[in-house]
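J.: Okay, so here is work_18.cif, and as you'll see once you scroll down, it has mmCIF, C-alpha atoms.
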```cif
data_target
#
loop_
_atom_site.label_atom_id
_atom_site.label_comp_id
_atom_site.auth_asym_id
_atom_site.auth_seq_id
_atom_site.Cartn_x
_atom_site.Cartn_y
_atom_site.Cartn_z
CA MET L 1 1.66 4.93 -15.08
CA ASN L 2 3.60 3.99 -11.95
CA ILE L 3 1.70 4.98 -8.78
CA GLY L 4 2.55 4.16 -5.20
CA ILE L 5 4.09 5.21 -1.91
CA ASP L 6 6.51 8.11 -2.27
CA LYS L 7 7.19 8.73 1.46
CA ILE L 8 6.30 7.06 4.75
CA GLY L 9 6.43 8.37 8.31
CA LEU L 10 5.73 7.11 11.82
CA ALA L 11 4.42 8.67 15.03
CA VAL L 12 4.11 7.01 18.44
CA PRO L 13 3.36 8.50 21.86
CA ASP L 14 6.19 9.46 24.20
CA TYR L 15 5.46 6.66 26.68
CA TYR L 16 5.67 2.88 26.77
CA LEU L 17 5.06 0.01 29.17
CA ASP L 18 7.49 -2.90 29.35
CA LEU L 19 5.53 -6.13 29.20
CA ASP L 20 7.78 -7.78 31.77
CA ASP L 21 6.49 -5.19 34.24
CA LEU L 22 2.91 -5.85 33.21
CA ALA L 23 3.39 -9.60 33.58
CA LYS L 24 4.72 -9.25 37.12
CA SER L 25 1.86 -6.95 38.07
CA ARG L 26 -0.68 -9.36 36.61
CA GLN L 27 1.04 -12.35 38.26
CA THR L 28 1.69 -13.85 34.85
CA ASP L 29 4.76 -15.56 33.46
CA PRO L 30 6.51 -12.92 31.25
CA ALA L 31 7.04 -15.61 28.61
CA LYS L 32 3.27 -15.56 27.98
CA TYR L 33 3.82 -12.14 26.41
CA THR L 34 7.39 -12.25 25.13
CA VAL L 35 7.17 -15.78 23.70
CA GLY L 36 3.44 -16.48 23.44
CA LEU L 37 2.67 -13.15 21.79
CA MET L 38 6.24 -12.25 20.71
CA GLN L 39 5.69 -8.74 22.12
CA THR L 40 7.98 -6.82 24.48
CA LYS L 41 6.53 -3.30 24.87
CA MET L 42 3.35 -1.34 24.26
CA ALA L 43 2.98 2.33 23.37
CA VAL L 44 0.84 4.33 25.81
CA THR L 45 -1.04 7.58 25.09
CA PRO L 46 -1.93 10.35 27.53
CA ILE L 47 -5.33 12.07 27.21
CA THR L 48 -3.72 14.88 25.20
CA GLN L 49 -2.97 12.47 22.34
CA ASP L 50 -5.55 10.89 20.03
CA VAL L 51 -5.81 9.68 16.44
CA VAL L 52 -5.75 13.27 15.17
CA THR L 53 -2.55 14.30 16.94
CA LEU L 54 -0.77 11.04 16.12
CA ALA L 55 -1.83 11.25 12.47
CA THR L 56 -0.70 14.84 12.20
CA GLN L 57 2.68 14.10 13.77
CA ALA L 58 3.31 11.18 11.40
CA ALA L 59 2.41 13.23 8.33
CA ASP L 60 4.27 16.35 9.45
CA ARG L 61 7.49 14.31 9.51
CA ILE L 62 7.35 13.64 5.76
CA LEU L 63 5.59 16.59 4.14
CA THR L 64 7.27 19.56 2.49
CA GLU L 65 5.55 22.85 1.72
CA GLU L 66 5.35 21.72 -1.89
CA ASP L 67 3.54 18.57 -0.79
CA ARG L 68 1.05 20.60 1.27
CA ALA L 69 0.31 22.74 -1.78
CA SER L 70 -0.19 19.69 -4.03
CA ILE L 71 -2.20 17.31 -1.84
CA ASP L 72 -5.85 17.31 -2.88
CA MET L 73 -7.08 14.36 -0.84
CA VAL L 74 -6.55 13.30 2.77
CA ILE L 75 -7.72 9.80 3.71
CA LEU L 76 -7.57 8.67 7.34
CA GLY L 77 -8.28 5.06 8.23
CA THR L 78 -9.12 4.44 11.87
CA GLU L 79 -11.30 2.45 14.23
CA SER L 80 -10.60 4.91 17.06
CA GLY L 81 -12.57 7.82 15.65
CA ILE L 82 -13.25 10.89 17.80
CA ASP L 83 -16.62 11.79 16.30
CA GLN L 84 -19.54 9.86 14.81
CA SER L 85 -19.96 12.46 12.05
CA LYS L 86 -16.94 14.66 11.47
CA ALA L 87 -13.91 12.99 9.91
CA ALA L 88 -10.68 13.13 11.87
CA ALA L 89 -9.05 13.88 8.51
CA VAL L 90 -10.67 17.35 8.54
CA PHE L 91 -8.79 18.26 11.73
CA VAL L 92 -5.57 16.81 10.28
CA HIS L 93 -6.00 18.78 7.06
CA GLU L 94 -6.10 22.07 8.97
CA LEU L 95 -3.31 21.26 11.42
CA LEU L 96 -0.97 20.34 8.57
CA GLY L 97 -1.75 23.50 6.59
CA ILE L 98 -2.78 21.60 3.44
CA GLN L 99 -4.23 23.76 0.66
CA PRO L 100 -8.03 24.21 1.05
CA PHE L 101 -9.25 22.68 -2.23
CA ALA L 102 -8.87 19.10 -1.04
CA ARG L 103 -11.16 16.24 -0.11
CA SER L 104 -10.77 14.95 3.47
CA ILE L 105 -12.48 11.75 4.58
CA GLU L 106 -12.34 9.04 7.24
CA LEU L 107 -12.69 5.33 6.48
CA LYS L 108 -13.71 2.55 8.85
CA GLU L 109 -13.52 -1.22 8.67
CA ALA L 110 -11.59 -2.38 11.71
CA CYS L 111 -7.88 -2.77 10.92
CA TYR L 112 -8.43 -2.85 7.15
CA ALA L 113 -9.59 0.68 6.32
CA ALA L 114 -6.23 2.29 5.48
CA THR L 115 -5.60 -0.43 2.90
CA ALA L 116 -8.81 0.56 1.14
CA GLY L 117 -7.61 4.16 1.37
CA LEU L 118 -4.38 3.24 -0.36
CA GLU L 119 -6.22 1.86 -3.39
CA MET L 120 -8.59 4.85 -3.42
CA ALA L 121 -5.53 7.08 -3.52
CA ARG L 122 -4.02 5.14 -6.40
CA ASN L 123 -7.23 5.33 -8.41
CA HIS L 124 -7.51 9.08 -7.76
CA ILE L 125 -3.99 9.67 -9.05
CA LEU L 126 -4.68 7.49 -12.07
CA ALA L 127 -7.34 10.03 -13.03
CA HIS L 128 -5.33 13.06 -11.80
CA PRO L 129 -1.62 12.34 -12.34
CA GLU L 130 -0.42 15.64 -10.84
CA SER L 131 -2.25 15.05 -7.58
CA LYS L 132 -0.79 13.85 -4.31
CA VAL L 133 -2.85 11.94 -1.75
CA LEU L 134 -2.07 11.67 1.94
CA VAL L 135 -3.14 8.30 3.38
CA ILE L 136 -2.89 7.92 7.15
CA ALA L 137 -3.55 4.97 9.44
CA SER L 138 -4.01 6.13 13.03
CA ASP L 139 -5.31 4.15 16.00
CA ILE L 140 -5.23 3.52 19.72
CA ALA L 141 -5.86 -0.09 20.77
CA LYS L 142 -7.36 -0.14 24.24
CA TYR L 143 -8.89 -3.23 25.87
CA GLY L 144 -8.96 -2.41 29.56
CA ARG L 145 -7.10 -3.46 32.70
CA PHE L 146 -6.81 -7.24 33.24
CA SER L 147 -8.48 -7.96 29.89
CA SER L 148 -7.28 -10.85 27.74
CA GLY L 149 -6.01 -8.38 25.13
CA GLU L 150 -4.28 -6.00 27.55
CA ALA L 151 -0.76 -7.03 26.55
CA THR L 152 -1.48 -6.40 22.85
CA GLN L 153 -2.56 -2.78 23.28
CA GLY L 154 -0.69 -0.03 21.46
CA ALA L 155 -0.95 3.35 19.78
CA GLY L 156 0.56 5.03 16.77
CA SER L 157 0.17 6.31 13.27
CA ILE L 158 1.65 5.70 9.83
CA ALA L 159 1.42 8.38 7.14
CA MET L 160 2.01 7.64 3.46
CA LEU L 161 2.24 10.12 0.59
CA VAL L 162 0.89 8.49 -2.57
CA THR L 163 1.99 9.93 -5.92
CA ALA L 164 2.77 9.13 -9.52
CA ASN L 165 6.38 8.06 -10.08
CA PRO L 166 6.85 7.12 -6.41
CA ARG L 167 10.32 6.95 -4.90
CA LEU L 168 9.61 4.08 -2.53
CA LEU L 169 7.11 1.45 -3.68
CA LYS L 170 5.18 1.02 -6.93
CA LEU L 171 1.77 -0.56 -6.33
CA ASN L 172 0.78 -3.43 -8.59
CA TYR L 173 -2.70 -3.99 -9.97
CA ASP L 174 -3.20 -7.40 -8.40
CA ASN L 175 -5.46 -6.70 -5.41
CA VAL L 176 -7.67 -9.58 -4.25
CA TYR L 177 -10.30 -9.09 -1.53
CA GLN L 178 -12.66 -11.12 0.63
CA THR L 179 -15.58 -10.17 2.89
CA ARG L 180 -17.35 -12.40 5.40
CA ASN L 181 -19.80 -11.39 8.12
CA VAL L 182 -18.29 -12.75 11.33
CA MET L 183 -18.29 -11.48 14.93
CA ASP L 184 -14.69 -11.95 15.97
CA PHE L 185 -14.05 -8.37 17.15
CA TRP L 186 -16.44 -5.43 17.30
CA ARG L 187 -17.21 -2.38 19.40
CA PRO L 188 -20.81 -1.20 19.87
CA ASN L 189 -21.37 2.56 19.99
CA TYR L 190 -22.29 2.34 23.66
CA SER L 191 -19.10 0.55 24.72
CA SER L 192 -15.72 2.03 25.62
CA TYR L 193 -13.95 -1.25 24.89
CA PRO L 194 -14.30 -3.81 22.10
CA GLU L 195 -15.92 -7.21 22.33
CA VAL L 196 -13.38 -9.86 21.34
CA ASP L 197 -13.58 -13.56 20.62
CA GLY L 198 -9.83 -14.10 20.55
CA ARG L 199 -9.63 -17.70 19.43
CA PHE L 200 -12.28 -17.21 16.76
CA SER L 201 -10.49 -14.08 15.52
CA THR L 202 -7.24 -16.00 15.12
CA VAL L 203 -9.08 -18.68 13.14
CA GLN L 204 -10.69 -16.07 10.89
CA TYR L 205 -7.40 -14.24 10.34
CA LEU L 206 -5.69 -17.43 9.21
CA ASN L 207 -8.60 -18.79 7.17
CA CYS L 208 -9.11 -15.49 5.37
CA LEU L 209 -5.39 -15.46 4.60
CA THR L 210 -5.24 -18.98 3.17
CA THR L 211 -8.43 -18.76 1.12
CA THR L 212 -7.61 -15.30 -0.23
CA TYR L 213 -4.07 -16.42 -1.06
CA GLN L 214 -5.47 -19.38 -3.01
CA ARG L 215 -7.67 -16.96 -4.94
CA TYR L 216 -4.71 -14.63 -5.44
CA GLN L 217 -2.67 -17.47 -6.94
CA GLN L 218 -5.52 -18.39 -9.27
CA LEU L 219 -5.92 -14.85 -10.55
CA THR L 220 -2.25 -13.79 -10.76
CA ALA L 221 -0.31 -17.07 -11.15
CA LYS L 222 2.22 -15.66 -8.67
CA GLN L 223 4.01 -17.87 -6.16
CA LEU L 224 5.77 -17.07 -2.88
CA SER L 225 9.10 -17.50 -4.65
CA ASP L 226 8.22 -14.33 -6.61
CA PHE L 227 8.39 -12.20 -3.45
CA ALA L 228 11.31 -10.91 -1.44
CA ALA L 229 9.09 -10.57 1.63
CA VAL L 230 5.54 -10.90 2.92
CA VAL L 231 4.28 -8.32 5.41
CA PHE L 232 1.24 -8.91 7.57
CA HIS L 233 -1.33 -7.13 9.64
CA ILE L 234 0.14 -7.63 13.12
CA PRO L 235 -2.37 -7.63 16.00
CA PHE L 236 0.52 -9.31 17.83
CA ALA L 237 3.67 -10.67 16.25
CA LYS L 238 2.98 -14.36 16.88
CA GLN L 239 -0.21 -14.19 14.83
CA GLY L 240 1.69 -12.90 11.82
CA LEU L 241 4.19 -15.73 12.22
CA LYS L 242 1.35 -18.25 12.25
CA GLY L 243 0.09 -16.70 9.03
CA LEU L 244 3.48 -17.00 7.37
CA GLN L 245 3.79 -20.63 8.48
CA LYS L 246 0.36 -21.37 7.00
CA ILE L 247 1.11 -20.10 3.51
CA THR L 248 4.72 -21.36 3.37
CA LYS L 249 3.78 -24.93 4.25
CA GLY L 250 5.14 -27.07 1.42
CA THR L 251 7.18 -24.21 -0.04
CA ASP L 252 10.77 -24.89 -1.05
CA PRO L 253 13.21 -24.53 1.89
CA ASP L 254 15.16 -21.58 0.43
CA THR L 255 12.02 -19.50 -0.10
CA LYS L 256 10.67 -20.39 3.33
CA GLN L 257 13.93 -19.46 5.07
CA ARG L 258 14.19 -16.17 3.17
CA LEU L 259 10.63 -15.15 3.98
CA GLU L 260 11.08 -16.07 7.65
CA GLN L 261 14.21 -13.89 7.84
CA ARG L 262 12.38 -10.92 6.29
CA PHE L 263 9.40 -11.54 8.60
CA HIS L 264 11.49 -11.15 11.74
CA GLU L 265 12.91 -7.91 10.38
CA SER L 266 9.40 -6.70 9.61
CA ILE L 267 8.06 -7.14 13.16
CA SER L 268 10.86 -5.30 14.94
CA TYR L 269 8.81 -2.10 15.35
CA ASN L 270 5.49 -3.85 16.02
CA GLN L 271 7.03 -5.75 18.94
CA VAL L 272 7.87 -2.52 20.80
CA VAL L 273 4.77 -0.51 19.81
CA GLY L 274 1.92 -3.01 20.06
CA ASN L 275 -1.22 -3.19 17.95
CA ILE L 276 -2.02 0.00 16.06
CA TYR L 277 -4.98 -1.51 14.19
CA THR L 278 -5.16 0.17 10.74
CA GLY L 279 -1.47 1.03 10.88
CA SER L 280 -0.03 -2.32 11.96
CA LEU L 281 0.41 -3.67 8.41
CA PHE L 282 2.22 -0.52 7.33
CA LEU L 283 4.28 -0.41 10.53
CA SER L 284 5.42 -3.91 9.56
CA PHE L 285 6.30 -2.63 6.07
CA LEU L 286 8.23 0.31 7.53
CA SER L 287 10.07 -1.99 9.94
CA LEU L 288 11.06 -4.24 7.06
CA LEU L 289 12.43 -1.32 5.04
CA GLU L 290 14.39 0.14 7.93
CA ASN L 291 15.72 -3.09 9.44
CA SER L 292 16.56 -5.27 6.46
CA GLN L 293 19.85 -5.11 4.59
CA ALA L 294 18.73 -7.70 2.05
CA LEU L 295 16.19 -5.71 0.05
CA LYS L 296 17.02 -4.19 -3.31
CA ALA L 297 15.29 -2.18 -6.02
CA GLY L 298 12.98 -4.35 -8.08
CA ASP L 299 12.06 -6.64 -5.19
CA SER L 300 8.36 -7.46 -4.88
CA ILE L 301 6.60 -7.43 -1.51
CA LEU L 302 3.29 -9.12 -0.76
CA PHE L 303 0.93 -7.44 1.74
CA TYR L 304 -1.80 -9.12 3.80
CA SER L 305 -4.36 -6.77 5.32
CA TYR L 306 -7.05 -8.05 7.70
CA GLY L 307 -9.85 -6.19 9.44
CA SER L 308 -12.09 -8.09 11.83
CA GLY L 309 -15.71 -8.39 10.96
CA ALA L 310 -14.22 -9.26 8.39
CA VAL L 311 -12.58 -7.81 5.28
CA CYS L 312 -9.16 -8.81 4.05
CA GLU L 313 -6.96 -8.10 1.04
CA LEU L 314 -3.78 -9.32 -0.61
CA PHE L 315 -1.85 -6.96 -2.86
CA SER L 316 1.73 -6.41 -3.88
CA GLY L 317 4.19 -3.66 -4.65
CA GLN L 318 7.66 -3.34 -6.09
CA LEU L 319 10.54 -1.40 -4.58
CA VAL L 320 11.89 1.26 -6.94
CA ASP L 321 15.37 2.68 -7.48
CA GLY L 322 16.42 4.87 -4.57
CA PHE L 323 13.79 3.39 -2.23
CA ASP L 324 16.09 3.80 0.76
CA HIS L 325 15.32 7.53 1.31
CA LEU L 326 13.88 6.73 4.71
CA LEU L 327 13.73 8.34 8.15
CA SER L 328 15.42 5.35 9.81
CA GLU L 329 17.51 7.34 12.30
CA SER L 330 14.58 9.57 13.23
CA HIS L 331 12.24 6.63 13.73
CA SER L 332 14.83 4.69 15.72
CA SER L 333 15.39 7.70 17.96
CA LEU L 334 11.64 8.13 18.36
CA LEU L 335 11.26 4.57 19.65
CA GLN L 336 14.38 4.57 21.81
CA ASN L 337 13.76 7.90 23.55
CA ARG L 338 10.31 7.11 24.92
CA LYS L 339 9.73 7.25 28.68
CA ARG L 340 9.24 3.90 30.44
CA LEU L 341 6.18 3.89 32.69
CA SER L 342 5.51 1.93 35.83
CA VAL L 343 2.34 -0.16 35.74
CA ALA L 344 0.69 2.30 38.14
CA ASP L 345 1.56 5.24 35.86
CA TYR L 346 0.36 3.30 32.81
CA GLU L 347 -2.99 2.60 34.49
CA ARG L 348 -3.36 6.24 35.47
CA LEU L 349 -2.24 7.68 32.13
CA PHE L 350 -3.82 5.31 29.62
CA PHE L 351 -7.20 4.99 31.30
CA ASP L 352 -7.61 8.60 32.36
CA ASP L 353 -10.82 10.27 31.16
CA ILE L 354 -11.50 13.85 30.13
CA ILE L 355 -14.16 15.18 32.51
CA LEU L 356 -16.71 17.55 30.98
CA ASP L 357 -18.86 20.04 32.86
CA GLU L 358 -22.54 20.74 32.21
CA THR L 359 -21.66 22.82 29.13
CA GLY L 360 -19.64 20.01 27.55
CA SER L 361 -16.34 21.73 28.35
CA SER L 362 -13.18 20.44 29.96
CA SER L 363 -10.61 22.23 32.03
CA GLN L 364 -7.27 22.99 30.38
CA LEU L 365 -5.56 19.67 29.80
CA PRO L 366 -2.00 18.95 30.97
CA ASP L 367 0.89 20.43 29.03
CA ASP L 368 2.12 18.11 26.30
CA PRO L 369 5.54 18.64 24.66
CA SER L 370 4.50 16.79 21.50
CA PRO L 371 4.41 18.79 18.25
CA PHE L 372 0.59 18.60 18.19
CA ALA L 373 -1.72 18.07 21.16
CA LEU L 374 -5.33 18.26 22.32
CA GLN L 375 -5.63 21.39 24.48
CA LYS L 376 -9.20 21.23 25.71
CA ILE L 377 -12.80 20.54 24.81
CA ASP L 378 -14.95 23.66 24.61
CA ARG L 379 -18.72 23.09 24.41
CA HIS L 380 -18.11 19.66 22.91
CA LYS L 381 -15.62 21.05 20.37
CA ARG L 382 -12.13 19.57 20.36
CA ILE L 383 -9.46 22.28 20.36
CA TYR L 384 -6.01 21.25 19.18
CA ARG L 385 -2.74 23.07 19.69
CA PRO L 386 -0.97 23.48 16.35
CA LYS L 387 2.73 22.87 15.99
CA PRO L 388 4.67 25.72 17.64
CA GLN L 389 6.38 27.91 15.10
CA GLN L 390 10.13 27.58 14.87
CA PRO L 391 12.39 30.64 14.46
CA ASP L 392 12.87 29.89 10.75
CA ASP L 393 9.10 29.89 10.28
CA LEU L 394 8.85 33.46 11.56
CA LYS L 395 11.23 34.96 9.01
#
```
Since I need it in another form, could you write the structure as structure tokens?
T.:
Amino acid sequence: MNIGIDKIGLAVPDYYLDLDDLAKSRQTDPAKYTVGLMQTKMAVTPITQDVVTLATQAADRILTEEDRASIDMVILGTESGIDQSKAAAVFVHELLGIQPFARSIELKEACYAATAGLEMARNHILAHPESKVLVIASDIAKYGRFSSGEATQGAGSIAMLVTANPRLLKLNYDNVYQTRNVMDFWRPNYSSYPEVDGRFSTVQYLNCLTTTYQRYQQLTAKQLSDFAAVVFHIPFAKQGLKGLQKITKGTDPDTKQRLEQRFHESISYNQVVGNIYTGSLFLSFLSLLENSQALKAGDSILFYSYGSGAVCELFSGQLVDGFDHLLSESHSSLLQNRKRLSVADYERLFFDDIILDETGSSSQLPDDPSPFALQKIDRHKRIYRPKPQQPDDLK
């Protein structure tokens, strides 16, 4: 049975910061960001947007009423959870109007969790071929003002509908994993920001890639020449490029050139959004699909997922006939129509806190024109505004 990604959608906040502006404010050479990181912009969230609203917006873009009636599992991968107990997927399930007899869960392992969710979805459909599973990666990367990771921050969500007989990508059964207990990036419960050992994290990312790729070759006998493209987890674009250079060392020149061309197409969205943790791999995949003219049905794509701490995975998929039913124009418009912030507005907006009174309640939060938004917190309960009904919905 062919199982894989049938639809894919993107959501980002309405605001961004240009990294040239950040560099000037931080008295840093802009090339440190644009060349050293290969990043140009970062997405910025107001307090009315979180992993729930971003996830819901991404999924709402791709789901039909038939999908909502057929989905029986919602999996949300995030490391920016809003509650230590209740899954963000439960809020998303209600906001999207998915039929009630569904399982809704949240997964966590740094930037890797949504990849695990994708395989869970495939295995569920293998047992229940008529089912549809909604897999969402939703995160907000926040490191703090003047931190070493400030220029790599970002926010966004990728939603994927996983089905039998997918119309986008068929998943192969060639997944290879690795786990190692390292402290390259982590966030204690008592901390608002993560602890990061940047150099060590880069070493782990690359070493996990090369050793897992060697294992992948041993188990599958596949070579880089078998793939039309390799897409990477992208904490920042330059790190993905280093990964590609590692595994293509010694590869024939034609394969190396082809993979480098596809890589630059795959990072187009990541460069203007920033790091979205669990979603960055799939943002890279979406960028490849919507920016490359070279792909064709039957092409195989290799995926490298990495989550600090660390768990990583290599797996592949094959593009199917008609895979180009994408939301390219919508996604392009979404990215182009964002509002550019000054550094002062970015610092005010991104690092604003919701103030609670003695009952655990907030005042009414600012109006937010987004389709879904956080309205307030009432006695520690998060209250979300559902998507406003359109005239056609009222008939």
J.: What lies within 9 Å of stretch 251-257 of chain L using all atoms listed in the file, ignoring chain neighbours under 4 positions off, as a list in words?
T.: Leu224, Ser225, Phe227, Ala228, Leu244, Gln245, Ile247, Gln261 and Arg262 of chain L
J.: Show me, as a list in words, the residues that have an atom within 10 Å of L:Leu295 when counting only C-alpha atoms, minus same-chain residues fewer than 6 positions from it.
T.: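 After dropping sequence-adjacent residues, the list is Ala228, Ala229, Arg262, Leu288, Leu289, Ile301, Leu319, Phe323 and Asp324 of chain L.
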J.: Kindly provide the residues of stretch 250-360 of chain L that approach stretch 120-137 of chain L to within 9 Å, each paired with its closest atom pair and their distance in Å to one decimal, based on all atoms listed in the file, listed by chain and increasing number, as JSON lines.
T.:
```
{"residue": "L:Ile276", "atom": "CA", "partner": "L:Ala137", "partner_atom": "CA", "distance": 8.4}
{"residue": "L:Tyr277", "atom": "CA", "partner": "L:Ala137", "partner_atom": "CA", "distance": 8.2}
{"residue": "L:Thr278", "atom": "CA", "partner": "L:Ala137", "partner_atom": "CA", "distance": 5.2}
{"residue": "L:Gly279", "atom": "CA", "partner": "L:Ala137", "partner_atom": "CA", "distance": 4.7}
{"residue": "L:Ser280", "atom": "CA", "partner": "L:Ala137", "partner_atom": "CA", "distance": 8.5}
{"residue": "L:Phe282", "atom": "CA", "partner": "L:Ala137", "partner_atom": "CA", "distance": 8.2}
```
J.: From the set L:Tyr112, L:Gly322, L:Ile140, L:Tyr190, which residue has the shortest atom-to-atom contact distance to L:Phe303, counting all atoms listed in the file?
T.: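 Under the stated criterion, the closest residue is L:Tyr112.
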J.: Pick out the closest residue to L:Asp352 from this set: L:Ile47, L:Val196, L:Leu17, L:Val35. Count only C-alpha atoms.
T.: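 Looking only at the distances to L:Asp352, the closest residue turns out to be L:Ile47.
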J.: Env of L:Tyr16: 8 Å cut, atoms = only C-alpha atoms, seq-sep filter 3 positions within chain, self excluded. Answer as a VMD selection string.
T.: chain L and resid 13 41 to 44 273 338 to 341
J.: Residues picked by the PyMOL selection byres ((chain L and resi 182) around 7) here, as a PyMOL selection string?
T.: chain L and resi 180-181+183-184+309-310
J.: Can you list every residue of stretch 4-62 of chain L that has an atom at most 6 Å from stretch 154-170 of chain L, with its nearest atom pair and the distance in Å to one decimal, using only C-alpha atoms, ordered by chain then number, as JSON lines?
T.:
```
{"residue": "L:Gly4", "atom": "CA", "partner": "L:Lys170", "partner_atom": "CA", "distance": 4.4}
{"residue": "L:Ile5", "atom": "CA", "partner": "L:Val162", "partner_atom": "CA", "distance": 4.6}
{"residue": "L:Asp6", "atom": "CA", "partner": "L:Pro166", "partner_atom": "CA", "distance": 4.3}
{"residue": "L:Lys7", "atom": "CA", "partner": "L:Leu161", "partner_atom": "CA", "distance": 5.2}
{"residue": "L:Ile8", "atom": "CA", "partner": "L:Met160", "partner_atom": "CA", "distance": 4.5}
{"residue": "L:Gly9", "atom": "CA", "partner": "L:Ala159", "partner_atom": "CA", "distance": 5.1}
{"residue": "L:Leu10", "atom": "CA", "partner": "L:Ile158", "partner_atom": "CA", "distance": 4.8}
{"residue": "L:Ala11", "atom": "CA", "partner": "L:Ser157", "partner_atom": "CA", "distance": 5.2}
{"residue": "L:Val12", "atom": "CA", "partner": "L:Gly156", "partner_atom": "CA", "distance": 4.4}
{"residue": "L:Met42", "atom": "CA", "partner": "L:Gly154", "partner_atom": "CA", "distance": 5.1}
{"residue": "L:Ala43", "atom": "CA", "partner": "L:Gly154", "partner_atom": "CA", "distance": 4.8}
{"residue": "L:Leu54", "atom": "CA", "partner": "L:Ser157", "partner_atom": "CA", "distance": 5.6}
{"residue": "L:Ala55", "atom": "CA", "partner": "L:Ser157", "partner_atom": "CA", "distance": 5.4}
{"residue": "L:Ala58", "atom": "CA", "partner": "L:Ala159", "partner_atom": "CA", "distance": 5.4}
{"residue": "L:Ala59", "atom": "CA", "partner": "L:Ala159", "partner_atom": "CA", "distance": 5.1}
```
J.: What is the distance between atom CA of L:His331 and atom CA of L:Phe372, in Å to one decimal?
T.: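 Separation between atom CA of L:His331 and atom CA of L:Phe372: 17.3 Å.
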J.: Just to confirm, what's the straight-line distance from atom CA of L:Ser284 to atom CA of L:Val272 in Å (one decimal)?
T.: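 These atoms are spaced 11.6 Å apart.
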J.: Because the input lacks atoms here, generate N, CA, C and O atoms for stretch 29-40 of chain L and report them as a tab-separated table (two decimals), in the coordinates of the input.
T.:
```
chain	number	residue	atom	x	y	z
L	29	ASP	N	3.43	-15.26	33.95
L	29	ASP	CA	4.76	-15.56	33.46
L	29	ASP	C	5.07	-14.60	32.29
L	29	ASP	O	4.32	-14.56	31.31
L	30	PRO	N	6.17	-13.84	32.34
L	30	PRO	CA	6.51	-12.92	31.25
L	30	PRO	C	6.59	-13.60	29.88
L	30	PRO	O	6.33	-12.96	28.85
L	31	ALA	N	6.94	-14.89	29.88
L	31	ALA	CA	7.04	-15.61	28.61
L	31	ALA	C	5.69	-15.69	27.88
L	31	ALA	O	5.65	-15.87	26.66
L	32	LYS	N	4.60	-15.56	28.62
L	32	LYS	CA	3.27	-15.56	27.98
L	32	LYS	C	3.17	-14.42	26.99
L	32	LYS	O	2.50	-14.54	25.96
L	33	TYR	N	3.85	-13.30	27.29
L	33	TYR	CA	3.82	-12.14	26.41
L	33	TYR	C	4.99	-12.15	25.43
L	33	TYR	O	4.82	-11.96	24.23
L	34	THR	N	6.20	-12.38	25.96
L	34	THR	CA	7.39	-12.25	25.13
L	34	THR	C	7.58	-13.42	24.17
L	34	THR	O	8.16	-13.27	23.09
L	35	VAL	N	7.09	-14.61	24.56
L	35	VAL	CA	7.17	-15.78	23.70
L	35	VAL	C	5.80	-16.10	23.09
L	35	VAL	O	5.67	-16.30	21.88
L	36	GLY	N	4.78	-16.13	23.92
L	36	GLY	CA	3.44	-16.48	23.44
L	36	GLY	C	2.87	-15.47	22.46
L	36	GLY	O	2.18	-15.86	21.50
L	37	LEU	N	3.13	-14.20	22.71
L	37	LEU	CA	2.67	-13.15	21.79
L	37	LEU	C	3.80	-12.61	20.92
L	37	LEU	O	3.55	-11.97	19.90
L	38	MET	N	5.05	-12.82	21.35
L	38	MET	CA	6.24	-12.25	20.71
L	38	MET	C	6.22	-10.72	20.78
L	38	MET	O	6.65	-10.04	19.86
L	39	GLN	N	5.72	-10.19	21.88
L	39	GLN	CA	5.69	-8.74	22.12
L	39	GLN	C	6.54	-8.41	23.34
L	39	GLN	O	6.61	-9.20	24.28
L	40	THR	N	7.16	-7.22	23.34
L	40	THR	CA	7.98	-6.82	24.48
L	40	THR	C	7.55	-5.51	25.12
L	40	THR	O	7.77	-5.30	26.31
```
